[in-house]
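The block underneath contains the structure these notes are about, expressed in structure tokens.
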Amino acid sequence: MSSSALLPPSIPDVASFHDEPGGLTFLRIKTALATAEISLDGAHVTRYQPAGCEPALFVSRSSAMAPGKPIRGGIPVCFPWFSARAGHPELPAHGFARIRRWDVESLSGSNESGVTVVFRLGADHATRELWPLDFVARMRVVVGRKLNVALEVENCGDVPFRFEEALHTYFCVSDVRKVSVTGLEGAAYFDKTDGFQRKELGSEPLRFDAECDRVFPRTTSTCVIDDPGLRRKITVEKSGSHSTVVWNPWIAKAAAMADFGDDEWPGMLCIETANVGDDAVSLAPGEAHAMSAIIHVQ
Ligand code: BG6
């Protein structure tokens, strides 16, 4: 059990906090509907498994599991920038939200209804050194027969700001070479494996036979991963998100990543609910924005 005094009370037999030897604290949830684990570092969902189903999310066996290090898998929260920050390659990739400890603002639910947890990250001395703006971010996670994750960002300062964000979801797949993704047919994308060239998908579902690192701007539709190997479809329905990022590192990139097993790339696929590039969000003082993804395993 966790020793931290700042955590809300556990829900007996349903949701409780656990300190791991490596320094992370996880919220573990088990209900009649699903099992889940969420690290308080990053407000990072590392496990979601609806009852009777295989796990929906991939986590690398080589991932770091330590404060201040990104977790390779699950749902990293990217904020307030995506990838390298333009003009600042020395800053943490995908922003600081995924490597900061978040507070737990509330925890509620039951075995029958599922569990809702709200994490909070506010500006402090350390975030202002990286990004000198006053914000509050809340990550609301609802663990039920579906997984609903929502990132809300509020401008608490007195100047407008603009930010990027992503729910960088790693899905477990049987074999990425044998799955297809619908929902992006005909969409334009920037190909990060080919110098950011702008290209367009055809009318067929997206399939994979090489490294894929594509940013689809102005895409709001639901994506479905059709995985015949696991005999399931995973639906990613979103709101407040205008970009979709699709990523699989394939062989060479997988081998180059220290926190990813060389042979793990066939078993994962990232479909990221995002607002990046020209879809970055602008907030005037006092304004707030919410982006959410609803993940359903069928
Ligand atoms: C994807 C990016 O979203 O995340 C890729 O489009 C990147 O370019 C990948 O390689 C993983 O990023 P990181 O920082 O977690 O290694």
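Identifiers in the structure tokens: chain A, B, ... in order shown; residue index from 1 per chain; ligand index from 1 in order shown.
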Please write out the residues within 9 Å of ligand 1 as a PDB file with N, CA, C and O atoms, in the first residue's frame, counting only C-alpha atoms and all ligand atoms.
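out31.pdb was written with the following content:
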```pdb
ATOM      1  N   PRO A  70      10.336   8.266 -19.296  1.00  0.00           N
ATOM      2  CA  PRO A  70       9.100   7.894 -19.987  1.00  0.00           C
ATOM      3  C   PRO A  70       8.889   6.380 -19.956  1.00  0.00           C
ATOM      4  O   PRO A  70       9.850   5.618 -19.999  1.00  0.00           O
ATOM      5  N   ILE A  71       7.634   5.971 -19.859  1.00  0.00           N
ATOM      6  CA  ILE A  71       7.282   4.546 -19.947  1.00  0.00           C
ATOM      7  C   ILE A  71       7.022   4.225 -21.414  1.00  0.00           C
ATOM      8  O   ILE A  71       6.300   4.959 -22.101  1.00  0.00           O
ATOM      9  N   ARG A  72       7.629   3.148 -21.902  1.00  0.00           N
ATOM     10  CA  ARG A  72       7.473   2.756 -23.321  1.00  0.00           C
ATOM     11  C   ARG A  72       6.258   1.847 -23.448  1.00  0.00           C
ATOM     12  O   ARG A  72       6.342   0.637 -23.348  1.00  0.00           O
ATOM     13  N   GLY A  73       5.111   2.463 -23.642  1.00  0.00           N
ATOM     14  CA  GLY A  73       3.884   1.700 -23.824  1.00  0.00           C
ATOM     15  C   GLY A  73       2.743   2.343 -23.068  1.00  0.00           C
ATOM     16  O   GLY A  73       2.883   3.435 -22.509  1.00  0.00           O
ATOM     17  N   PRO A  76       1.153   7.212 -22.859  1.00  0.00           N
ATOM     18  CA  PRO A  76       1.883   8.419 -22.467  1.00  0.00           C
ATOM     19  C   PRO A  76       1.060   9.675 -22.784  1.00  0.00           C
ATOM     20  O   PRO A  76       0.427   9.747 -23.853  1.00  0.00           O
ATOM     21  N   CYS A  78       1.325  13.299 -23.821  1.00  0.00           N
ATOM     22  CA  CYS A  78       2.276  14.257 -24.399  1.00  0.00           C
ATOM     23  C   CYS A  78       1.692  15.654 -24.240  1.00  0.00           C
ATOM     24  O   CYS A  78       0.591  15.935 -24.714  1.00  0.00           O
ATOM     25  N   PHE A  82       4.703  18.214 -28.783  1.00  0.00           N
ATOM     26  CA  PHE A  82       4.743  16.858 -29.322  1.00  0.00           C
ATOM     27  C   PHE A  82       6.073  16.690 -30.048  1.00  0.00           C
ATOM     28  O   PHE A  82       6.527  17.612 -30.719  1.00  0.00           O
ATOM     29  N   SER A  83       6.689  15.491 -29.916  1.00  0.00           N
ATOM     30  CA  SER A  83       8.021  15.234 -30.476  1.00  0.00           C
ATOM     31  C   SER A  83       9.024  16.198 -29.852  1.00  0.00           C
ATOM     32  O   SER A  83       8.867  16.595 -28.702  1.00  0.00           O
ATOM     33  N   ALA A  84      10.013  16.618 -30.652  1.00  0.00           N
ATOM     34  CA  ALA A  84      10.967  17.601 -30.127  1.00  0.00           C
ATOM     35  C   ALA A  84      10.290  18.968 -30.151  1.00  0.00           C
ATOM     36  O   ALA A  84       9.506  19.264 -31.049  1.00  0.00           O
ATOM     37  N   PRO A  92      12.771  17.849 -23.145  1.00  0.00           N
ATOM     38  CA  PRO A  92      12.281  16.460 -23.219  1.00  0.00           C
ATOM     39  C   PRO A  92      11.314  16.253 -24.392  1.00  0.00           C
ATOM     40  O   PRO A  92      10.423  17.090 -24.616  1.00  0.00           O
ATOM     41  N   ALA A  93      11.529  15.151 -25.115  1.00  0.00           N
ATOM     42  CA  ALA A  93      10.632  14.835 -26.241  1.00  0.00           C
ATOM     43  C   ALA A  93       9.210  14.633 -25.715  1.00  0.00           C
ATOM     44  O   ALA A  93       9.009  14.082 -24.637  1.00  0.00           O
ATOM     45  N   HIS A  94       8.239  15.093 -26.467  1.00  0.00           N
ATOM     46  CA  HIS A  94       6.812  14.948 -26.136  1.00  0.00           C
ATOM     47  C   HIS A  94       6.417  15.710 -24.862  1.00  0.00           C
ATOM     48  O   HIS A  94       5.410  15.396 -24.235  1.00  0.00           O
ATOM     49  N   ALA A 166      -1.007  14.908 -26.984  1.00  0.00           N
ATOM     50  CA  ALA A 166      -1.336  13.603 -27.563  1.00  0.00           C
ATOM     51  C   ALA A 166      -1.571  12.584 -26.462  1.00  0.00           C
ATOM     52  O   ALA A 166      -0.873  12.595 -25.433  1.00  0.00           O
ATOM     53  N   HIS A 168      -0.860   9.169 -26.468  1.00  0.00           N
ATOM     54  CA  HIS A 168       0.040   8.428 -27.378  1.00  0.00           C
ATOM     55  C   HIS A 168      -0.150   6.914 -27.160  1.00  0.00           C
ATOM     56  O   HIS A 168       0.728   6.229 -26.651  1.00  0.00           O
ATOM     57  N   LYS A 192       6.757  11.249 -41.551  1.00  0.00           N
ATOM     58  CA  LYS A 192       7.987  11.570 -40.813  1.00  0.00           C
ATOM     59  C   LYS A 192       9.138  10.656 -41.215  1.00  0.00           C
ATOM     60  O   LYS A 192      10.291  10.945 -40.913  1.00  0.00           O
ATOM     61  N   THR A 193       8.841   9.541 -41.876  1.00  0.00           N
ATOM     62  CA  THR A 193       9.925   8.664 -42.339  1.00  0.00           C
ATOM     63  C   THR A 193      10.454   9.125 -43.696  1.00  0.00           C
ATOM     64  O   THR A 193      11.386   8.538 -44.232  1.00  0.00           O
ATOM     65  N   CYS A 212       6.271   3.036 -39.874  1.00  0.00           N
ATOM     66  CA  CYS A 212       5.181   3.991 -40.122  1.00  0.00           C
ATOM     67  C   CYS A 212       5.263   5.074 -39.053  1.00  0.00           C
ATOM     68  O   CYS A 212       5.267   4.774 -37.853  1.00  0.00           O
ATOM     69  N   ASP A 213       5.369   6.323 -39.471  1.00  0.00           N
ATOM     70  CA  ASP A 213       5.384   7.459 -38.547  1.00  0.00           C
ATOM     71  C   ASP A 213       4.689   8.609 -39.278  1.00  0.00           C
ATOM     72  O   ASP A 213       5.331   9.373 -39.995  1.00  0.00           O
ATOM     73  N   ARG A 214       3.362   8.643 -39.134  1.00  0.00           N
ATOM     74  CA  ARG A 214       2.552   9.551 -39.943  1.00  0.00           C
ATOM     75  C   ARG A 214       1.673  10.431 -39.059  1.00  0.00           C
ATOM     76  O   ARG A 214       1.022   9.934 -38.149  1.00  0.00           O
ATOM     77  N   VAL A 215       1.675  11.701 -39.395  1.00  0.00           N
ATOM     78  CA  VAL A 215       0.811  12.650 -38.707  1.00  0.00           C
ATOM     79  C   VAL A 215      -0.308  13.028 -39.673  1.00  0.00           C
ATOM     80  O   VAL A 215      -0.044  13.585 -40.749  1.00  0.00           O
ATOM     81  N   VAL A 245      -2.032  10.419 -35.043  1.00  0.00           N
ATOM     82  CA  VAL A 245      -0.668   9.988 -35.357  1.00  0.00           C
ATOM     83  C   VAL A 245      -0.645   8.466 -35.328  1.00  0.00           C
ATOM     84  O   VAL A 245      -1.219   7.845 -34.416  1.00  0.00           O
ATOM     85  N   VAL A 246      -0.030   7.881 -36.339  1.00  0.00           N
ATOM     86  CA  VAL A 246       0.064   6.413 -36.418  1.00  0.00           C
ATOM     87  C   VAL A 246       1.547   6.059 -36.463  1.00  0.00           C
ATOM     88  O   VAL A 246       2.297   6.597 -37.300  1.00  0.00           O
ATOM     89  N   TRP A 247       1.949   5.166 -35.555  1.00  0.00           N
ATOM     90  CA  TRP A 247       3.386   4.887 -35.417  1.00  0.00           C
ATOM     91  C   TRP A 247       3.662   3.420 -35.144  1.00  0.00           C
ATOM     92  O   TRP A 247       3.021   2.814 -34.285  1.00  0.00           O
ATOM     93  N   ASN A 248       4.579   2.857 -35.906  1.00  0.00           N
ATOM     94  CA  ASN A 248       5.237   1.589 -35.548  1.00  0.00           C
ATOM     95  C   ASN A 248       6.695   1.716 -35.971  1.00  0.00           C
ATOM     96  O   ASN A 248       6.990   2.059 -37.116  1.00  0.00           O
ATOM     97  N   PRO A 249       7.645   1.419 -35.059  1.00  0.00           N
ATOM     98  CA  PRO A 249       9.055   1.705 -35.373  1.00  0.00           C
ATOM     99  C   PRO A 249       9.687   0.736 -36.363  1.00  0.00           C
ATOM    100  O   PRO A 249      10.733   1.051 -36.934  1.00  0.00           O
ATOM    101  N   LYS A 253      14.419   0.913 -36.183  1.00  0.00           N
ATOM    102  CA  LYS A 253      14.143   1.848 -35.067  1.00  0.00           C
ATOM    103  C   LYS A 253      13.973   1.088 -33.767  1.00  0.00           C
ATOM    104  O   LYS A 253      14.410   1.545 -32.701  1.00  0.00           O
ATOM    105  N   MET A 257      16.208   1.599 -30.172  1.00  0.00           N
ATOM    106  CA  MET A 257      15.632   2.147 -28.931  1.00  0.00           C
ATOM    107  C   MET A 257      16.067   1.291 -27.742  1.00  0.00           C
ATOM    108  O   MET A 257      15.810   0.084 -27.714  1.00  0.00           O
ATOM    109  N   ASP A 259      14.888   1.283 -24.768  1.00  0.00           N
ATOM    110  CA  ASP A 259      13.802   0.868 -23.876  1.00  0.00           C
ATOM    111  C   ASP A 259      12.711   0.102 -24.625  1.00  0.00           C
ATOM    112  O   ASP A 259      11.524   0.176 -24.295  1.00  0.00           O
ATOM    113  N   CYS A 270       0.748   2.199 -32.443  1.00  0.00           N
ATOM    114  CA  CYS A 270       0.250   3.417 -31.803  1.00  0.00           C
ATOM    115  C   CYS A 270      -0.758   4.113 -32.704  1.00  0.00           C
ATOM    116  O   CYS A 270      -0.456   4.401 -33.872  1.00  0.00           O
ATOM    117  N   ILE A 271      -1.937   4.363 -32.147  1.00  0.00           N
ATOM    118  CA  ILE A 271      -2.921   5.251 -32.775  1.00  0.00           C
ATOM    119  C   ILE A 271      -3.117   6.372 -31.762  1.00  0.00           C
ATOM    120  O   ILE A 271      -3.654   6.144 -30.673  1.00  0.00           O
ATOM    121  N   GLU A 272      -2.651   7.559 -32.112  1.00  0.00           N
ATOM    122  CA  GLU A 272      -2.562   8.633 -31.130  1.00  0.00           C
ATOM    123  C   GLU A 272      -3.629   9.701 -31.385  1.00  0.00           C
ATOM    124  O   GLU A 272      -3.743  10.218 -32.496  1.00  0.00           O
TER     125      GLU A 272
END
```
Run DSSP on the backbone and give me the residues of stretch 74-169 of chain A it puts in strand (DSSP E or B), as a VMD selection string.
chain A and resid 75 77 to 79 85 88 95 101 103 to 110 114 to 122 135 to 143 147 to 155 161 to 163 165 to 169
Kindly give the distance, in Å, that separates atom CA of A:Ala15 and atom CA of A:Val143, rounded to a single decimal.
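One can read the atom CA of A:Ala15 to atom CA of A:Val143 distance as 10.7 Å.
For the choices A:Met139, A:Pro50, A:Phe26, A:Ala255, the atom-to-atom distance to A:Ala290 is smallest for A:Met139 when using only C-alpha atoms.
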Please produce, as a tab-separated table, a per-residue contact table for stretch 163-187 of chain A versus stretch 196-208 of chain A (criterion: any atom at most 12 Å away, only C-alpha atoms considered), showing the nearest atom pair and its distance in Å to one decimal, sorted by chain then residue number.
```
residue	atom	partner	partner_atom	distance
A:Asp175	CA	A:Phe208	CA	9.8
A:Val176	CA	A:Phe208	CA	6.5
A:Arg177	CA	A:Phe208	CA	5.3
A:Lys178	CA	A:Arg207	CA	7.6
A:Val179	CA	A:Arg207	CA	6.6
A:Ser180	CA	A:Arg207	CA	4.9
A:Val181	CA	A:Leu206	CA	5.0
A:Thr182	CA	A:Pro205	CA	4.8
A:Gly183	CA	A:Pro205	CA	7.6
A:Leu184	CA	A:Pro205	CA	7.4
A:Glu185	CA	A:Ser203	CA	4.9
A:Gly186	CA	A:Leu201	CA	4.8
A:Ala187	CA	A:Leu201	CA	5.5
```
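Checking A:Ser10, A:Ala150, A:Arg218, A:Ser63 one by one against A:Ala280, counting only C-alpha atoms, you find the shortest gap at A:Arg218.
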Output as a PyMOL selection string all residues of stretch 122-263 of chain A that backbone DSSP marks as helix (DSSP H, G or I).
chain A and resi 125-130+176-178+192-194+250-256
Exercise: stretch 29-41 of chain A partners within 8 Å, only C-alpha atoms, chain neighbours under 2 positions left out, as a PyMOL selection string:
chain A and resi 13-16+24-27+43-51+67-68+98-104+110-115+119+143-145
Selected residues written out with N, CA, C and O atoms, as a compact mmCIF listing (two decimals), in the first residue's frame:
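Below is the file result.txt, written as the result:
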```
# COMPACT_ATOMS: atom_id res chain seq x y z
N ASP A 13 -11.33 -3.39 -2.22
CA ASP A 13 -11.51 -4.49 -3.18
C ASP A 13 -11.64 -4.02 -4.62
O ASP A 13 -11.90 -4.83 -5.52
N VAL A 14 -11.52 -2.73 -4.89
CA VAL A 14 -11.73 -2.21 -6.25
C VAL A 14 -10.53 -1.39 -6.75
O VAL A 14 -10.05 -1.62 -7.87
N ALA A 15 -10.04 -0.47 -5.95
CA ALA A 15 -8.97 0.42 -6.43
C ALA A 15 -8.07 0.80 -5.26
O ALA A 15 -8.56 1.26 -4.23
N SER A 16 -6.76 0.60 -5.45
CA SER A 16 -5.83 0.94 -4.37
C SER A 16 -4.48 1.36 -4.95
O SER A 16 -4.14 1.00 -6.09
N LEU A 24 7.96 4.18 -8.60
CA LEU A 24 6.66 4.59 -9.15
C LEU A 24 5.55 4.17 -8.19
O LEU A 24 5.69 3.19 -7.45
N THR A 25 4.45 4.92 -8.23
CA THR A 25 3.24 4.51 -7.50
C THR A 25 2.16 4.25 -8.54
O THR A 25 1.94 5.06 -9.44
N PHE A 26 1.52 3.09 -8.42
CA PHE A 26 0.46 2.73 -9.36
C PHE A 26 -0.89 2.70 -8.64
O PHE A 26 -0.98 2.27 -7.48
N LEU A 27 -1.92 3.13 -9.36
CA LEU A 27 -3.29 2.87 -8.95
C LEU A 27 -3.72 1.58 -9.65
O LEU A 27 -3.67 1.50 -10.88
N ALA A 43 0.49 10.30 -15.05
CA ALA A 43 -0.95 9.93 -15.15
C ALA A 43 -1.09 8.93 -16.29
O ALA A 43 -1.94 9.06 -17.17
N HIS A 44 -0.24 7.93 -16.23
CA HIS A 44 0.05 7.08 -17.39
C HIS A 44 -0.67 5.73 -17.24
O HIS A 44 -0.31 4.94 -16.36
N VAL A 45 -1.65 5.47 -18.06
CA VAL A 45 -2.34 4.18 -18.04
C VAL A 45 -1.39 3.14 -18.64
O VAL A 45 -0.96 3.28 -19.79
N THR A 46 -1.04 2.12 -17.86
CA THR A 46 -0.12 1.10 -18.38
C THR A 46 -0.85 -0.22 -18.65
O THR A 46 -0.27 -1.11 -19.28
N ARG A 47 -2.07 -0.34 -18.15
CA ARG A 47 -2.79 -1.59 -18.40
C ARG A 47 -4.27 -1.29 -18.48
O ARG A 47 -4.80 -0.54 -17.67
N TYR A 48 -4.91 -1.89 -19.48
CA TYR A 48 -6.37 -1.87 -19.55
C TYR A 48 -6.81 -3.18 -20.16
O TYR A 48 -6.39 -3.51 -21.29
N GLN A 49 -7.58 -3.92 -19.44
CA GLN A 49 -7.99 -5.24 -19.89
C GLN A 49 -9.46 -5.44 -19.53
O GLN A 49 -9.79 -5.74 -18.37
N PRO A 50 -10.34 -5.28 -20.52
CA PRO A 50 -11.75 -5.53 -20.21
C PRO A 50 -11.95 -7.00 -19.82
O PRO A 50 -11.23 -7.87 -20.32
N ALA A 51 -12.90 -7.26 -18.95
CA ALA A 51 -13.13 -8.64 -18.47
C ALA A 51 -13.36 -9.57 -19.66
O ALA A 51 -14.09 -9.23 -20.60
N PRO A 67 10.72 7.09 -11.80
CA PRO A 67 10.33 8.50 -11.87
C PRO A 67 11.24 9.28 -12.82
O PRO A 67 12.46 9.05 -12.84
N GLY A 68 10.64 10.15 -13.61
CA GLY A 68 11.43 11.00 -14.50
C GLY A 68 11.80 10.36 -15.81
O GLY A 68 12.42 11.00 -16.66
N ARG A 98 4.57 13.62 -19.31
CA ARG A 98 4.71 12.17 -19.14
C ARG A 98 5.83 11.80 -18.16
O ARG A 98 5.97 10.63 -17.81
N ILE A 99 6.65 12.77 -17.79
CA ILE A 99 7.74 12.45 -16.85
C ILE A 99 7.59 13.20 -15.51
O ILE A 99 8.51 13.25 -14.72
N ARG A 100 6.42 13.77 -15.30
CA ARG A 100 6.16 14.44 -14.02
C ARG A 100 5.17 13.63 -13.18
O ARG A 100 4.26 13.02 -13.73
N ARG A 101 5.32 13.69 -11.89
CA ARG A 101 4.34 13.10 -10.99
C ARG A 101 3.09 13.97 -10.97
O ARG A 101 3.20 15.19 -10.83
N TRP A 102 1.92 13.37 -11.13
CA TRP A 102 0.65 14.09 -11.08
C TRP A 102 0.00 13.84 -9.71
O TRP A 102 0.20 12.78 -9.12
N ASP A 103 -0.78 14.81 -9.24
CA ASP A 103 -1.59 14.59 -8.03
C ASP A 103 -2.83 13.79 -8.42
O ASP A 103 -3.30 13.87 -9.56
N VAL A 104 -3.37 13.09 -7.44
CA VAL A 104 -4.66 12.43 -7.66
C VAL A 104 -5.72 13.29 -7.01
O VAL A 104 -5.73 13.47 -5.79
N SER A 110 -17.22 1.84 -8.24
CA SER A 110 -17.58 0.60 -7.57
C SER A 110 -17.30 -0.57 -8.50
O SER A 110 -17.05 -0.39 -9.70
N ASN A 111 -17.39 -1.77 -7.95
CA ASN A 111 -17.17 -2.98 -8.73
C ASN A 111 -18.11 -3.05 -9.93
O ASN A 111 -17.73 -3.46 -11.02
N GLU A 112 -19.35 -2.65 -9.75
CA GLU A 112 -20.36 -2.78 -10.81
C GLU A 112 -20.31 -1.64 -11.82
O GLU A 112 -20.54 -1.85 -13.01
N SER A 113 -20.01 -0.42 -11.33
CA SER A 113 -20.13 0.74 -12.23
C SER A 113 -18.81 1.13 -12.89
O SER A 113 -18.79 1.89 -13.85
N GLY A 114 -17.68 0.60 -12.39
CA GLY A 114 -16.38 1.03 -12.90
C GLY A 114 -15.82 2.15 -12.05
O GLY A 114 -16.44 2.57 -11.06
N VAL A 115 -14.66 2.64 -12.44
CA VAL A 115 -13.92 3.58 -11.60
C VAL A 115 -13.54 4.82 -12.40
O VAL A 115 -13.17 4.72 -13.57
N PHE A 119 -6.51 12.99 -12.33
CA PHE A 119 -5.16 13.42 -11.99
C PHE A 119 -5.02 14.91 -12.33
O PHE A 119 -5.67 15.40 -13.27
N VAL A 143 -12.50 3.84 -16.10
CA VAL A 143 -12.23 2.43 -16.41
C VAL A 143 -13.53 1.66 -16.30
O VAL A 143 -14.06 1.46 -15.20
N GLY A 144 -14.07 1.27 -17.43
CA GLY A 144 -15.32 0.51 -17.43
C GLY A 144 -15.24 -0.52 -18.54
O GLY A 144 -14.16 -0.99 -18.90
N ARG A 145 -16.37 -0.85 -19.12
CA ARG A 145 -16.38 -1.78 -20.26
C ARG A 145 -15.65 -1.13 -21.45
O ARG A 145 -15.15 -1.78 -22.33
```
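Using only C-alpha atoms, the nearest neighbour of A:Arg61 within the list A:Val281, A:Glu237, A:Ile295, A:Asp263 is A:Asp263.
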Nearest to A:Leu230, chosen from A:Cys53, A:Val276, A:Ala252, A:Ala86, with only C-alpha atoms counted in the distances:
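Nearest candidate to A:Leu230 out of A:Cys53, A:Val276, A:Ala252, A:Ala86: A:Cys53.
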Leaving out A:Glu105 and any residue of its chain fewer than 2 positions from it, which residues lie within 9 Å of it when counting only C-alpha atoms, given as a list in words?
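Answer for this query is Leu7, Pro8, Asp103, Leu107, Val117, Val118, Phe119, Arg120 and Arg138 of chain A.
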Using N, CA, C and O atoms, can you export the residues from the last selection as an mmCIF file, in the first residue's frame?
```cif
data_model
loop_
_atom_site.group_PDB
_atom_site.id
_atom_site.type_symbol
_atom_site.label_atom_id
_atom_site.label_comp_id
_atom_site.auth_asym_id
_atom_site.auth_seq_id
_atom_site.Cartn_x
_atom_site.Cartn_y
_atom_site.Cartn_z
ATOM 1 N N LEU A 7 -2.881 11.094 -1.080
ATOM 2 C CA LEU A 7 -3.740 10.324 -1.966
ATOM 3 C C LEU A 7 -5.145 10.195 -1.387
ATOM 4 O O LEU A 7 -5.305 10.105 -0.167
ATOM 5 N N PRO A 8 -6.169 10.164 -2.255
ATOM 6 C CA PRO A 8 -7.517 9.919 -1.733
ATOM 7 C C PRO A 8 -7.618 8.485 -1.226
ATOM 8 O O PRO A 8 -6.779 7.652 -1.558
ATOM 9 N N ASP A 103 -0.783 14.812 -9.238
ATOM 10 C CA ASP A 103 -1.592 14.586 -8.031
ATOM 11 C C ASP A 103 -2.832 13.792 -8.417
ATOM 12 O O ASP A 103 -3.297 13.869 -9.556
ATOM 13 N N LEU A 107 -11.008 9.983 -6.685
ATOM 14 C CA LEU A 107 -11.122 8.568 -7.045
ATOM 15 C C LEU A 107 -12.487 8.104 -6.580
ATOM 16 O O LEU A 107 -12.837 8.275 -5.414
ATOM 17 N N VAL A 117 -11.018 8.202 -12.096
ATOM 18 C CA VAL A 117 -9.931 8.844 -11.350
ATOM 19 C C VAL A 117 -9.523 10.110 -12.106
ATOM 20 O O VAL A 117 -9.498 10.121 -13.346
ATOM 21 N N VAL A 118 -9.256 11.166 -11.357
ATOM 22 C CA VAL A 118 -8.840 12.432 -11.966
ATOM 23 C C VAL A 118 -7.462 12.809 -11.419
ATOM 24 O O VAL A 118 -7.270 12.889 -10.195
ATOM 25 N N PHE A 119 -6.513 12.995 -12.329
ATOM 26 C CA PHE A 119 -5.158 13.422 -11.986
ATOM 27 C C PHE A 119 -5.021 14.906 -12.328
ATOM 28 O O PHE A 119 -5.669 15.397 -13.266
ATOM 29 N N ARG A 120 -4.119 15.560 -11.617
ATOM 30 C CA ARG A 120 -3.930 17.004 -11.844
ATOM 31 C C ARG A 120 -2.446 17.339 -11.874
ATOM 32 O O ARG A 120 -1.680 16.862 -11.035
ATOM 33 N N ARG A 138 -5.676 18.374 -16.379
ATOM 34 C CA ARG A 138 -6.341 17.277 -15.665
ATOM 35 C C ARG A 138 -6.493 16.094 -16.606
ATOM 36 O O ARG A 138 -6.867 16.257 -17.761
#
```
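Between atom CA of A:Pro89 and atom CA of A:Gly277 the separation is 16.1 Å.
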Please list as number ranges by chain every residue within 6 Å of A:Phe79, counting only C-alpha atoms and excluding residues in the same chain fewer than 5 positions away.
A: 95, 97, 165
Name all residues at most 8 Å from A:Ser282 (count only C-alpha atoms; drop same-chain ones fewer than 2 positions away) and give them as a ChimeraX atom specification.
/A:160-163,280,284
What gap, in Å, lies between atom CA of A:Gly240 and atom CA of A:Ser292?
6.5 Å
Find the residues around A:Phe260 up to 6 Å (only C-alpha atoms counted), leave out those fewer than 2 positions away in its own chain, and share them as a list in words.
Ser60, Ser62, Met257 and Ala258 of chain A
Would you mind exporting C-alpha atoms of the selected residues as a CSV table (one decimal), in the first residue's frame?
```csv
chain,number,residue,atom,x,y,z
A,60,SER,CA,7.6,-3.0,-23.6
A,62,SER,CA,12.4,-3.2,-21.7
A,257,MET,CA,15.6,2.1,-28.9
A,258,ALA,CA,17.2,1.2,-25.6
```
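Remark: for A:Leu283, the closest of the candidate residues A:Ser241, A:Thr219, A:Ser174, A:Asn155 is A:Asn155 (distances computed over only C-alpha atoms).
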Using only C-alpha atoms, find the one residue out of A:Leu151, A:Cys156, A:Val77, A:Val236 that sits nearest to A:Val136.
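Closest candidate: A:Cys156.
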